[in-house]
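File shown: start_20.pdb (PDB, C-alpha atoms and all ligand atoms).
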ATOM      1  CA  MET A   1      55.544 -63.271 -51.077
ATOM      2  CA  GLU A   2      53.368 -62.819 -54.159
ATOM      3  CA  GLN A   3      54.936 -62.214 -57.558
ATOM      4  CA  SER A   4      53.363 -58.743 -57.759
ATOM      5  CA  GLU A   5      54.961 -57.811 -54.430
ATOM      6  CA  ALA A   6      58.355 -59.087 -55.583
ATOM      7  CA  LYS A   7      58.048 -56.950 -58.738
ATOM      8  CA  LEU A   8      57.067 -53.928 -56.679
ATOM      9  CA  LEU A   9      60.038 -54.388 -54.351
ATOM     10  CA  GLU A  10      62.410 -54.662 -57.294
ATOM     11  CA  SER A  11      61.114 -51.414 -58.815
ATOM     12  CA  ILE A  12      61.474 -49.656 -55.433
ATOM     13  CA  ARG A  13      64.994 -51.032 -55.030
ATOM     14  CA  LEU A  14      66.021 -49.709 -58.454
ATOM     15  CA  HIS A  15      64.332 -46.356 -57.822
ATOM     16  CA  LEU A  16      66.114 -45.767 -54.492
ATOM     17  CA  MET A  17      69.448 -46.836 -55.935
ATOM     18  CA  LYS A  18      69.090 -44.483 -58.885
ATOM     19  CA  SER A  19      67.550 -41.511 -57.105
ATOM     20  CA  ARG A  20      69.281 -41.645 -53.697
ATOM     21  CA  GLY A  21      72.244 -43.994 -54.110
ATOM     22  CA  LEU A  22      70.545 -46.064 -51.376
ATOM     23  CA  ASP A  23      71.003 -49.823 -51.647
ATOM     24  CA  ILE A  24      68.161 -51.622 -49.852
ATOM     25  CA  SER A  25      68.959 -55.071 -51.237
ATOM     26  CA  GLY A  26      70.263 -56.031 -47.780
ATOM     27  CA  TYR A  27      66.932 -55.226 -46.107
ATOM     28  CA  SER A  28      64.400 -57.996 -45.596
ATOM     29  CA  SER A  29      61.374 -57.964 -47.914
ATOM     30  CA  THR A  30      59.051 -58.076 -44.912
ATOM     31  CA  PHE A  31      60.673 -54.959 -43.490
ATOM     32  CA  VAL A  32      60.484 -53.007 -46.762
ATOM     33  CA  LEU A  33      56.878 -54.100 -47.376
ATOM     34  CA  ARG A  34      55.940 -53.007 -43.866
ATOM     35  CA  SER A  35      57.343 -49.539 -44.657
ATOM     36  CA  VAL A  36      55.433 -49.503 -47.966
ATOM     37  CA  ARG A  37      52.163 -50.304 -46.154
ATOM     38  CA  LYS A  38      52.907 -47.656 -43.521
ATOM     39  CA  ARG A  39      53.325 -44.993 -46.228
ATOM     40  CA  LEU A  40      50.455 -46.332 -48.343
ATOM     41  CA  GLY A  41      48.013 -45.590 -45.548
ATOM     42  CA  ARG A  42      49.273 -42.030 -45.106
ATOM     43  CA  SER A  43      49.883 -41.042 -48.711
ATOM     44  CA  GLY A  44      46.317 -41.375 -49.951
ATOM     45  CA  ALA A  45      47.253 -44.087 -52.484
ATOM     46  CA  LYS A  46      44.508 -46.677 -52.926
ATOM     47  CA  ASP A  47      46.578 -49.853 -53.377
ATOM     48  CA  LEU A  48      50.148 -51.120 -53.839
ATOM     49  CA  PRO A  49      50.458 -50.363 -57.581
ATOM     50  CA  ASP A  50      48.993 -46.892 -56.994
ATOM     51  CA  TYR A  51      51.522 -46.261 -54.218
ATOM     52  CA  ALA A  52      54.395 -47.534 -56.390
ATOM     53  CA  ARG A  53      53.415 -45.026 -59.111
ATOM     54  CA  LEU A  54      53.390 -42.203 -56.567
ATOM     55  CA  LEU A  55      56.718 -43.197 -55.036
ATOM     56  CA  LEU A  56      58.503 -43.504 -58.359
ATOM     57  CA  SER A  57      57.300 -40.113 -59.558
ATOM     58  CA  SER A  58      57.518 -37.947 -56.422
ATOM     59  CA  GLU A  59      60.647 -36.539 -54.750
ATOM     60  CA  GLU A  60      58.627 -35.683 -51.657
ATOM     61  CA  GLU A  61      57.197 -39.196 -51.291
ATOM     62  CA  THR A  62      60.665 -40.678 -51.838
ATOM     63  CA  THR A  63      61.964 -38.619 -48.902
ATOM     64  CA  GLN A  64      58.989 -39.696 -46.766
ATOM     65  CA  PHE A  65      59.563 -43.325 -47.708
ATOM     66  CA  VAL A  66      63.262 -43.168 -46.817
ATOM     67  CA  ALA A  67      62.292 -41.696 -43.432
ATOM     68  CA  ALA A  68      59.690 -44.472 -42.980
ATOM     69  CA  LEU A  69      62.440 -47.052 -43.422
ATOM     70  CA  SER A  70      63.322 -45.852 -39.894
ATOM     71  CA  ILE A  71      66.904 -45.122 -40.737
ATOM     72  CA  ASN A  72      67.047 -41.865 -38.833
ATOM     73  CA  VAL A  73      68.547 -43.792 -35.964
ATOM     74  CA  THR A  74      72.126 -43.800 -34.762
ATOM     75  CA  ASP A  75      74.291 -45.863 -32.460
ATOM     76  CA  PHE A  76      77.729 -46.191 -30.934
ATOM     77  CA  PHE A  77      79.980 -48.413 -33.091
ATOM     78  CA  ARG A  78      77.164 -48.745 -35.614
ATOM     79  CA  ASP A  79      77.460 -51.673 -38.068
ATOM     80  CA  GLY A  80      79.713 -54.095 -36.273
ATOM     81  CA  GLY A  81      83.249 -53.993 -37.611
ATOM     82  CA  ALA A  82      82.955 -50.751 -39.621
ATOM     83  CA  PHE A  83      84.804 -48.639 -37.067
ATOM     84  CA  GLU A  84      87.383 -51.351 -36.454
ATOM     85  CA  ALA A  85      88.125 -51.250 -40.196
ATOM     86  CA  LEU A  86      88.249 -47.451 -40.134
ATOM     87  CA  SER A  87      90.695 -47.502 -37.203
ATOM     88  CA  GLU A  88      92.990 -50.028 -38.841
ATOM     89  CA  LYS A  89      92.885 -48.900 -42.460
ATOM     90  CA  VAL A  90      92.521 -45.165 -42.037
ATOM     91  CA  ILE A  91      93.036 -43.607 -38.601
ATOM     92  CA  ARG A  92      96.134 -45.679 -37.752
ATOM     93  CA  PRO A  93      98.057 -44.816 -40.956
ATOM     94  CA  VAL A  94      96.979 -41.159 -40.716
ATOM     95  CA  VAL A  95      98.263 -40.960 -37.129
ATOM     96  CA  ARG A  96     101.499 -42.721 -38.139
ATOM     97  CA  SER A  97     102.054 -40.337 -41.023
ATOM     98  CA  LYS A  98     102.143 -37.470 -38.535
ATOM     99  CA  VAL A  99     104.432 -39.089 -35.972
ATOM    100  CA  GLY A 100     107.647 -37.723 -37.470
ATOM    101  CA  SER A 101     106.442 -34.321 -38.511
ATOM    102  CA  GLY A 102     103.865 -33.553 -35.826
ATOM    103  CA  GLY A 103     100.551 -31.925 -36.646
ATOM    104  CA  ILE A 104      96.860 -32.431 -36.073
ATOM    105  CA  VAL A 105      94.666 -35.362 -37.079
ATOM    106  CA  ARG A 106      91.326 -33.841 -38.089
ATOM    107  CA  ILE A 107      88.161 -35.919 -38.376
ATOM    108  CA  TRP A 108      84.654 -34.718 -39.288
ATOM    109  CA  SER A 109      81.480 -36.553 -38.369
ATOM    110  CA  ALA A 110      79.130 -34.976 -40.922
ATOM    111  CA  GLY A 111      75.518 -35.530 -39.842
ATOM    112  CA  CYS A 112      76.519 -36.675 -36.354
ATOM    113  CA  ALA A 113      72.921 -36.616 -35.034
ATOM    114  CA  THR A 114      72.894 -37.102 -31.238
ATOM    115  CA  GLY A 115      76.636 -37.691 -31.002
ATOM    116  CA  GLN A 116      77.078 -41.469 -30.861
ATOM    117  CA  GLU A 117      79.097 -41.519 -34.103
ATOM    118  CA  LEU A 118      81.140 -38.470 -33.062
ATOM    119  CA  TYR A 119      82.174 -40.018 -29.737
ATOM    120  CA  THR A 120      82.796 -43.411 -31.367
ATOM    121  CA  LEU A 121      85.273 -41.703 -33.705
ATOM    122  CA  THR A 122      86.855 -39.835 -30.805
ATOM    123  CA  MET A 123      87.372 -43.106 -28.908
ATOM    124  CA  CYS A 124      88.913 -44.699 -32.018
ATOM    125  CA  LEU A 125      91.205 -41.695 -32.480
ATOM    126  CA  ASP A 126      92.255 -41.641 -28.835
ATOM    127  CA  GLN A 127      93.087 -45.355 -28.982
ATOM    128  CA  GLU A 128      95.232 -44.860 -32.095
ATOM    129  CA  LEU A 129      97.033 -41.839 -30.642
ATOM    130  CA  ARG A 130      97.854 -43.952 -27.633
ATOM    131  CA  ARG A 131      99.029 -46.830 -29.820
ATOM    132  CA  ALA A 132     101.409 -44.369 -31.466
ATOM    133  CA  GLY A 133     102.841 -43.599 -28.031
ATOM    134  CA  ASN A 134     100.789 -40.476 -27.281
ATOM    135  CA  ASN A 135     103.436 -38.464 -29.042
ATOM    136  CA  GLU A 136     102.966 -34.903 -27.836
ATOM    137  CA  ASN A 137     103.609 -33.565 -31.323
ATOM    138  CA  ILE A 138     100.351 -35.041 -32.579
ATOM    139  CA  MET A 139      96.990 -33.648 -31.651
ATOM    140  CA  GLY A 140      93.603 -34.973 -32.671
ATOM    141  CA  THR A 141      90.207 -33.336 -33.002
ATOM    142  CA  VAL A 142      86.802 -34.566 -34.107
ATOM    143  CA  THR A 143      84.185 -32.106 -35.375
ATOM    144  CA  GLY A 144      80.528 -33.102 -35.157
ATOM    145  CA  GLY A 145      78.166 -31.274 -37.486
ATOM    146  CA  ASP A 146      74.420 -31.519 -38.000
ATOM    147  CA  LEU A 147      71.514 -29.541 -39.398
ATOM    148  CA  SER A 148      69.404 -30.285 -36.334
ATOM    149  CA  LYS A 149      70.080 -27.997 -33.381
ATOM    150  CA  THR A 150      68.132 -30.342 -31.091
ATOM    151  CA  ALA A 151      70.291 -33.305 -32.056
ATOM    152  CA  LEU A 152      73.445 -31.218 -31.571
ATOM    153  CA  ALA A 153      72.304 -30.042 -28.126
ATOM    154  CA  PHE A 154      71.888 -33.701 -27.136
ATOM    155  CA  ALA A 155      75.334 -34.517 -28.563
ATOM    156  CA  ARG A 156      76.925 -31.633 -26.687
ATOM    157  CA  LYS A 157      75.337 -32.749 -23.421
ATOM    158  CA  GLY A 158      76.775 -36.224 -23.994
ATOM    159  CA  VAL A 159      74.615 -38.175 -21.561
ATOM    160  CA  TYR A 160      73.365 -41.606 -22.675
ATOM    161  CA  SER A 161      71.215 -44.344 -21.179
ATOM    162  CA  LYS A 162      72.488 -47.833 -20.422
ATOM    163  CA  GLU A 163      70.590 -49.103 -23.474
ATOM    164  CA  GLN A 164      72.217 -46.479 -25.704
ATOM    165  CA  VAL A 165      75.770 -47.417 -24.674
ATOM    166  CA  LYS A 166      75.267 -51.171 -25.004
ATOM    167  CA  ASN A 167      77.568 -51.401 -28.039
ATOM    168  CA  VAL A 168      80.451 -49.550 -26.412
ATOM    169  CA  PRO A 169      83.110 -52.133 -25.488
ATOM    170  CA  LEU A 170      83.226 -52.423 -21.697
ATOM    171  CA  HIS A 171      86.836 -51.278 -21.360
ATOM    172  CA  MET A 172      86.032 -48.105 -23.334
ATOM    173  CA  LEU A 173      82.844 -47.498 -21.358
ATOM    174  CA  MET A 174      84.861 -47.641 -18.156
ATOM    175  CA  GLU A 175      87.617 -45.466 -19.507
ATOM    176  CA  TYR A 176      85.749 -42.765 -21.417
ATOM    177  CA  PHE A 177      82.406 -42.402 -19.589
ATOM    178  CA  VAL A 178      81.368 -41.484 -16.080
ATOM    179  CA  GLU A 179      78.430 -43.437 -14.686
ATOM    180  CA  ASN A 180      75.868 -41.443 -12.809
ATOM    181  CA  GLU A 181      72.649 -43.042 -11.509
ATOM    182  CA  GLY A 182      72.344 -45.430 -14.447
ATOM    183  CA  SER A 183      73.308 -42.863 -17.108
ATOM    184  CA  TYR A 184      76.654 -42.599 -18.836
ATOM    185  CA  GLU A 185      78.216 -39.202 -19.355
ATOM    186  CA  VAL A 186      81.045 -38.574 -21.793
ATOM    187  CA  GLY A 187      84.227 -37.882 -19.831
ATOM    188  CA  GLU A 188      86.939 -35.259 -20.166
ATOM    189  CA  THR A 189      89.277 -37.303 -22.411
ATOM    190  CA  LEU A 190      86.664 -37.252 -25.172
ATOM    191  CA  ARG A 191      85.247 -33.797 -24.448
ATOM    192  CA  ARG A 192      88.525 -32.008 -24.934
ATOM    193  CA  ARG A 193      88.855 -33.404 -28.455
ATOM    194  CA  VAL A 194      85.381 -32.593 -29.822
ATOM    195  CA  ARG A 195      83.887 -29.499 -31.499
ATOM    196  CA  PHE A 196      80.283 -28.951 -32.607
ATOM    197  CA  VAL A 197      78.930 -27.093 -35.582
ATOM    198  CA  ASN A 198      75.389 -26.445 -36.755
ATOM    199  CA  GLU A 199      75.659 -26.781 -40.519
ATOM    200  CA  ASN A 200      73.914 -27.727 -43.724
ATOM    201  CA  LEU A 201      75.856 -30.141 -45.890
ATOM    202  CA  LEU A 202      74.374 -28.503 -48.980
ATOM    203  CA  ASP A 203      76.324 -25.307 -48.196
ATOM    204  CA  GLU A 204      79.962 -24.624 -49.005
ATOM    205  CA  PRO A 205      82.064 -26.463 -46.402
ATOM    206  CA  ARG A 206      83.233 -24.139 -43.637
ATOM    207  CA  SER A 207      86.314 -26.188 -42.850
ATOM    208  CA  ARG A 208      88.823 -27.837 -45.137
ATOM    209  CA  PHE A 209      91.825 -30.124 -44.899
ATOM    210  CA  PHE A 210      90.112 -32.850 -42.914
ATOM    211  CA  ASP A 211      92.085 -36.104 -42.903
ATOM    212  CA  VAL A 212      88.912 -38.165 -42.545
ATOM    213  CA  VAL A 213      85.255 -37.367 -43.217
ATOM    214  CA  VAL A 214      82.634 -39.793 -41.963
ATOM    215  CA  CYS A 215      79.215 -39.140 -43.476
ATOM    216  CA  ARG A 216      77.031 -42.127 -42.730
ATOM    217  CA  ASN A 217      73.335 -42.578 -43.354
ATOM    218  CA  VAL A 218      72.844 -38.976 -44.414
ATOM    219  CA  LEU A 219      73.158 -39.090 -48.231
ATOM    220  CA  ILE A 220      70.038 -41.229 -48.348
ATOM    221  CA  TYR A 221      67.992 -38.134 -47.550
ATOM    222  CA  PHE A 222      69.016 -36.351 -50.723
ATOM    223  CA  SER A 223      67.755 -36.561 -54.284
ATOM    224  CA  ARG A 224      70.406 -37.177 -56.969
ATOM    225  CA  PRO A 225      71.438 -33.568 -57.762
ATOM    226  CA  MET A 226      71.629 -32.777 -54.021
ATOM    227  CA  HIS A 227      73.436 -36.041 -53.366
ATOM    228  CA  ASP A 228      76.086 -35.030 -55.920
ATOM    229  CA  GLN A 229      76.362 -31.540 -54.413
ATOM    230  CA  VAL A 230      76.932 -32.938 -50.908
ATOM    231  CA  VAL A 231      79.490 -35.496 -52.125
ATOM    232  CA  MET A 232      81.433 -32.718 -53.878
ATOM    233  CA  ASN A 233      81.252 -30.524 -50.753
ATOM    234  CA  LEU A 234      82.682 -33.416 -48.749
ATOM    235  CA  HIS A 235      85.384 -33.746 -51.409
ATOM    236  CA  ARG A 236      86.290 -30.063 -51.037
ATOM    237  CA  SER A 237      86.526 -30.389 -47.278
ATOM    238  CA  LEU A 238      89.082 -33.212 -47.492
ATOM    239  CA  ARG A 239      92.820 -32.763 -47.805
ATOM    240  CA  PRO A 240      94.431 -34.414 -50.844
ATOM    241  CA  ASN A 241      94.311 -38.208 -50.397
ATOM    242  CA  GLY A 242      91.972 -37.786 -47.410
ATOM    243  CA  TYR A 243      89.417 -40.491 -46.618
ATOM    244  CA  LEU A 244      85.634 -40.622 -46.844
ATOM    245  CA  MET A 245      83.442 -43.189 -45.121
ATOM    246  CA  LEU A 246      79.751 -43.666 -45.941
ATOM    247  CA  GLY A 247      77.074 -45.862 -44.348
ATOM    248  CA  ARG A 248      76.773 -49.585 -45.111
ATOM    249  CA  THR A 249      73.815 -49.138 -47.457
ATOM    250  CA  GLU A 250      75.176 -46.086 -49.261
ATOM    251  CA  SER A 251      77.200 -45.741 -52.417
ATOM    252  CA  LEU A 252      78.848 -43.057 -54.515
ATOM    253  CA  VAL A 253      77.069 -42.746 -57.822
ATOM    254  CA  GLY A 254      77.488 -40.676 -60.971
ATOM    255  CA  SER A 255      80.308 -38.259 -61.698
ATOM    256  CA  PRO A 256      81.355 -37.566 -58.051
ATOM    257  CA  ARG A 257      82.433 -41.222 -57.884
ATOM    258  CA  LEU A 258      85.257 -40.392 -60.326
ATOM    259  CA  HIS A 259      86.909 -38.183 -57.713
ATOM    260  CA  TYR A 260      87.399 -41.032 -55.260
ATOM    261  CA  GLU A 261      89.090 -44.412 -55.312
ATOM    262  CA  LEU A 262      87.602 -47.345 -53.434
ATOM    263  CA  LEU A 263      89.565 -48.544 -50.408
ATOM    264  CA  ASP A 264      87.152 -50.911 -48.643
ATOM    265  CA  ALA A 265      83.941 -51.937 -50.430
ATOM    266  CA  GLU A 266      82.263 -53.627 -47.457
ATOM    267  CA  ASN A 267      82.754 -50.673 -45.157
ATOM    268  CA  ARG A 268      82.272 -48.036 -47.875
ATOM    269  CA  ILE A 269      85.628 -46.349 -47.381
ATOM    270  CA  PHE A 270      86.992 -44.186 -50.224
ATOM    271  CA  ARG A 271      90.119 -42.097 -50.749
ATOM    272  CA  LYS A 272      90.072 -38.694 -52.394
ATOM    273  CA  LYS A 273      92.035 -38.749 -55.629
ATOM    274  CA  GLU A 274      95.004 -36.365 -56.029
TER     275      GLU A 274
HETATM  276  C1  LIG A 301      70.250 -41.161 -39.748
HETATM  277  S1  LIG A 301      71.088 -39.866 -38.956
HETATM  278  C2  LIG A 301      72.740 -40.476 -39.108
HETATM  279  C3  LIG A 301      73.542 -40.356 -37.869
HETATM  280  C4  LIG A 301      74.941 -40.958 -37.948
HETATM  281  N1  LIG A 301      75.716 -40.375 -39.014
HETATM  282  C5  LIG A 301      74.873 -42.458 -38.093
HETATM  283  O1  LIG A 301      75.108 -42.993 -39.175
HETATM  284  O2  LIG A 301      74.559 -43.129 -37.111
HETATM  285  C6  LIG A 301      71.068 -38.561 -40.168
HETATM  286  C7  LIG A 301      71.451 -37.182 -39.646
HETATM  287  O3  LIG A 301      71.677 -36.328 -40.775
HETATM  288  C8  LIG A 301      71.239 -35.035 -40.452
HETATM  289  N2  LIG A 301      71.016 -34.274 -41.688
HETATM  290  C9  LIG A 301      70.016 -34.450 -42.593
HETATM  291  N3  LIG A 301      70.140 -33.543 -43.582
HETATM  292  C10 LIG A 301      71.237 -32.775 -43.295
HETATM  293  C11 LIG A 301      71.872 -31.659 -43.936
HETATM  294  N4  LIG A 301      71.389 -31.142 -45.065
HETATM  295  N5  LIG A 301      72.974 -31.118 -43.363
HETATM  296  C12 LIG A 301      73.468 -31.627 -42.205
HETATM  297  N6  LIG A 301      72.914 -32.682 -41.554
HETATM  298  C13 LIG A 301      71.800 -33.246 -42.085
HETATM  299  C14 LIG A 301      69.973 -35.294 -39.657
HETATM  300  O4  LIG A 301      69.658 -34.170 -38.856
HETATM  301  C15 LIG A 301      70.364 -36.537 -38.827
HETATM  302  O5  LIG A 301      70.866 -36.155 -37.565
END
Represent the structure from my file as structure tokens, please.
Amino acid sequence: MEQSEAKLLESIRLHLMKSRGLDISGYSSTFVLRSVRKRLGRSGAKDLPDYARLLLSSEEETTQFVAALSINVTDFFRDGGAFEALSEKVIRPVVRSKVGSGGIVRIWSAGCATGQELYTLTMCLDQELRRAGNNENIMGTVTGGDLSKTALAFARKGVYSKEQVKNVPLHMLMEYFVENEGSYEVGETLRRRVRFVNENLLDEPRSRFFDVVVCRNVLIYFSRPMHDQVVMNLHRSLRPNGYLMLGRTESLVGSPRLHYELLDAENRIFRKKE
């Protein structure tokens, strides 16, 4: 890589961190440069320095660039051990805390896209409820919300290809899905726990007192003021000492960060203060 390209990448890295709270230092240079070239061709910029100037000065181009990084994808059990950590450090203690008193464990998948994250969380919750002895006093629900009605319709249908379910551990695939001519349909155990809501995270939260909010790979779409607004909306939707999980490349920046304490840096898990 040439020195000029390295300098360009560093300025883009700093820009995305500052403007979107998006940390791309884990992405390969080749991958980021490929996205730069993709956008360069479409943006009308004449060369790399010209494109860098445009990107650093335009909100619109920043959004387009983030989209070009191809991070509008989703997956079951995305990011290896992230959901294992969430189960152990968050869902398990939350379930345990309700064993004596009864009650409902409430989880929100904010920006659930086509449902893979929502059903992953529902499987994790079901496993933890079972570990706690399936105490009939405890119920558990997972709400999946998204701005996109098309994505939500797909999530509600809950039918996935063999390729799409490849990260679901085999024992869970057999237990929670019904195979039908090569497709995998979400079964009743998961369906009875999930709810869907078409929502905009920039609006006042419609529901409150969630024990856990998982908002992964969504904040990257927002500019700083919007980012802060969404993080504070998520804060309002959590019960005191509730938990927030972000995506692996995301961070809490600015004043909203002060309202959370860090629980797990690698897996971006925070706890609401007070
Ligand atoms: C990259 S996907 C993330 C899916 C999933 N959370 C994951 O990490 O695999 C981002 C999702 O955020 C949704 N989204 C973007 N802006 C939103 C907003 N203002 N309110 C609610 N959802 C939004 C998009 O429709 C998309 O489905």
Closest-contact table, chain A side, partner ligand LIG 301 (chain A), 6 Å, counting only C-alpha atoms and all ligand atoms, as a tab-separated table:
residue	atom	partner	partner_atom	distance
A:Ile71	CA	A:LIG301	C1	5.3
A:Asn72	CA	A:LIG301	C1	3.4
A:Val73	CA	A:LIG301	C1	4.9
A:Thr74	CA	A:LIG301	O2	3.4
A:Asp75	CA	A:LIG301	O2	5.4
A:Gly111	CA	A:LIG301	O3	4.0
A:Cys112	CA	A:LIG301	N1	4.6
A:Ala113	CA	A:LIG301	O5	3.3
A:Glu117	CA	A:LIG301	O2	5.7
A:Asp146	CA	A:LIG301	N6	4.0
A:Leu147	CA	A:LIG301	C12	4.0
A:Ser148	CA	A:LIG301	O4	4.6
A:Glu199	CA	A:LIG301	C12	5.6
A:Asn200	CA	A:LIG301	N5	3.5
A:Leu201	CA	A:LIG301	N5	4.0
A:Leu202	CA	A:LIG301	N4	5.6
A:Cys215	CA	A:LIG301	N1	5.8
A:Arg216	CA	A:LIG301	O1	4.1
A:Asn217	CA	A:LIG301	O1	4.6
A:Val218	CA	A:LIG301	C6	4.6
Dump of C-alpha atoms for the selected residues, as a compact mmCIF listing (two decimals), in the frame of the given file:
# COMPACT_ATOMS: atom_id res chain seq x y z
CA ILE A 71 66.90 -45.12 -40.74
CA ASN A 72 67.05 -41.86 -38.83
CA VAL A 73 68.55 -43.79 -35.96
CA THR A 74 72.13 -43.80 -34.76
CA ASP A 75 74.29 -45.86 -32.46
CA GLY A 111 75.52 -35.53 -39.84
CA CYS A 112 76.52 -36.67 -36.35
CA ALA A 113 72.92 -36.62 -35.03
CA GLU A 117 79.10 -41.52 -34.10
CA ASP A 146 74.42 -31.52 -38.00
CA LEU A 147 71.51 -29.54 -39.40
CA SER A 148 69.40 -30.28 -36.33
CA GLU A 199 75.66 -26.78 -40.52
CA ASN A 200 73.91 -27.73 -43.72
CA LEU A 201 75.86 -30.14 -45.89
CA LEU A 202 74.37 -28.50 -48.98
CA CYS A 215 79.22 -39.14 -43.48
CA ARG A 216 77.03 -42.13 -42.73
CA ASN A 217 73.33 -42.58 -43.35
CA VAL A 218 72.84 -38.98 -44.41
Selection under test: the PyMOL selection byres (((chain A and resi 141) around 12) and not hetatm); residues as a ChimeraX atom specification: /A:95,103-109,118-119,121-126,129,138-140,142-144,189-196,210-212
Selection result for the PyMOL selection byres (((chain A and resi 243) around 6) and not hetatm) on this file, as a ChimeraX atom specification: /A:212,242,244,270-271
A:Val231 surroundings by all atoms listed in the file, 12 Å radius, close-in-sequence under 5 positions cut, as number ranges by chain: A: 21, 110, 201-205, 213-216, 218-220, 222-226, 236-238, 244-246, 250-260, 270, 272
Between atom CA of A:Met174 and atom CA of A:Val90, distance in Å (one decimal): 25.2 Å
Coordinates-based distance that separates atom CA of A:His15 from atom CA of A:Glu61 (Å, one decimal):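 Going from atom CA of A:Glu61 over to atom CA of A:His15 covers 12.0 Å.
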Atom pair atom CA of A:Phe83 / atom CA of A:Gln64: separation (Å):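 Rounded to one decimal, the two atoms are 29.0 Å apart.
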Just add N, CA and C atoms to stretch 81-94 of chain A and send it as a PDB file, keeping the file's coordinate frame.
ATOM      1  N   GLY A  81      81.814 -54.249 -37.454  1.00  0.00           N
ATOM      2  CA  GLY A  81      83.249 -53.993 -37.611  1.00  0.00           C
ATOM      3  C   GLY A  81      83.619 -52.739 -38.396  1.00  0.00           C
ATOM      4  N   ALA A  82      82.648 -51.902 -38.766  1.00  0.00           N
ATOM      5  CA  ALA A  82      82.955 -50.751 -39.621  1.00  0.00           C
ATOM      6  C   ALA A  82      84.009 -49.830 -38.994  1.00  0.00           C
ATOM      7  N   PHE A  83      83.873 -49.579 -37.704  1.00  0.00           N
ATOM      8  CA  PHE A  83      84.804 -48.639 -37.067  1.00  0.00           C
ATOM      9  C   PHE A  83      86.152 -49.292 -36.759  1.00  0.00           C
ATOM     10  N   GLU A  84      86.118 -50.619 -36.597  1.00  0.00           N
ATOM     11  CA  GLU A  84      87.383 -51.351 -36.454  1.00  0.00           C
ATOM     12  C   GLU A  84      88.178 -51.190 -37.752  1.00  0.00           C
ATOM     13  N   ALA A  85      87.473 -51.392 -38.886  1.00  0.00           N
ATOM     14  CA  ALA A  85      88.125 -51.250 -40.196  1.00  0.00           C
ATOM     15  C   ALA A  85      88.638 -49.828 -40.380  1.00  0.00           C
ATOM     16  N   LEU A  86      87.825 -48.849 -39.982  1.00  0.00           N
ATOM     17  CA  LEU A  86      88.249 -47.451 -40.134  1.00  0.00           C
ATOM     18  C   LEU A  86      89.505 -47.170 -39.293  1.00  0.00           C
ATOM     19  N   SER A  87      89.522 -47.703 -38.071  1.00  0.00           N
ATOM     20  CA  SER A  87      90.695 -47.502 -37.203  1.00  0.00           C
ATOM     21  C   SER A  87      91.941 -48.078 -37.850  1.00  0.00           C
ATOM     22  N   GLU A  88      91.805 -49.336 -38.313  1.00  0.00           N
ATOM     23  CA  GLU A  88      92.990 -50.028 -38.841  1.00  0.00           C
ATOM     24  C   GLU A  88      93.469 -49.474 -40.174  1.00  0.00           C
ATOM     25  N   LYS A  89      92.491 -49.248 -41.087  1.00  0.00           N
ATOM     26  CA  LYS A  89      92.885 -48.900 -42.460  1.00  0.00           C
ATOM     27  C   LYS A  89      93.068 -47.407 -42.673  1.00  0.00           C
ATOM     28  N   VAL A  90      92.491 -46.608 -41.796  1.00  0.00           N
ATOM     29  CA  VAL A  90      92.521 -45.165 -42.037  1.00  0.00           C
ATOM     30  C   VAL A  90      93.164 -44.392 -40.877  1.00  0.00           C
ATOM     31  N   ILE A  91      92.559 -44.473 -39.691  1.00  0.00           N
ATOM     32  CA  ILE A  91      93.036 -43.607 -38.601  1.00  0.00           C
ATOM     33  C   ILE A  91      94.483 -43.956 -38.219  1.00  0.00           C
ATOM     34  N   ARG A  92      94.774 -45.271 -38.143  1.00  0.00           N
ATOM     35  CA  ARG A  92      96.134 -45.679 -37.752  1.00  0.00           C
ATOM     36  C   ARG A  92      97.200 -45.142 -38.715  1.00  0.00           C
ATOM     37  N   PRO A  93      97.039 -45.378 -40.046  1.00  0.00           N
ATOM     38  CA  PRO A  93      98.057 -44.816 -40.956  1.00  0.00           C
ATOM     39  C   PRO A  93      98.111 -43.288 -40.946  1.00  0.00           C
ATOM     40  N   VAL A  94      96.965 -42.631 -40.760  1.00  0.00           N
ATOM     41  CA  VAL A  94      96.979 -41.159 -40.716  1.00  0.00           C
ATOM     42  C   VAL A  94      97.780 -40.694 -39.498  1.00  0.00           C
TER      43      VAL A  94
END
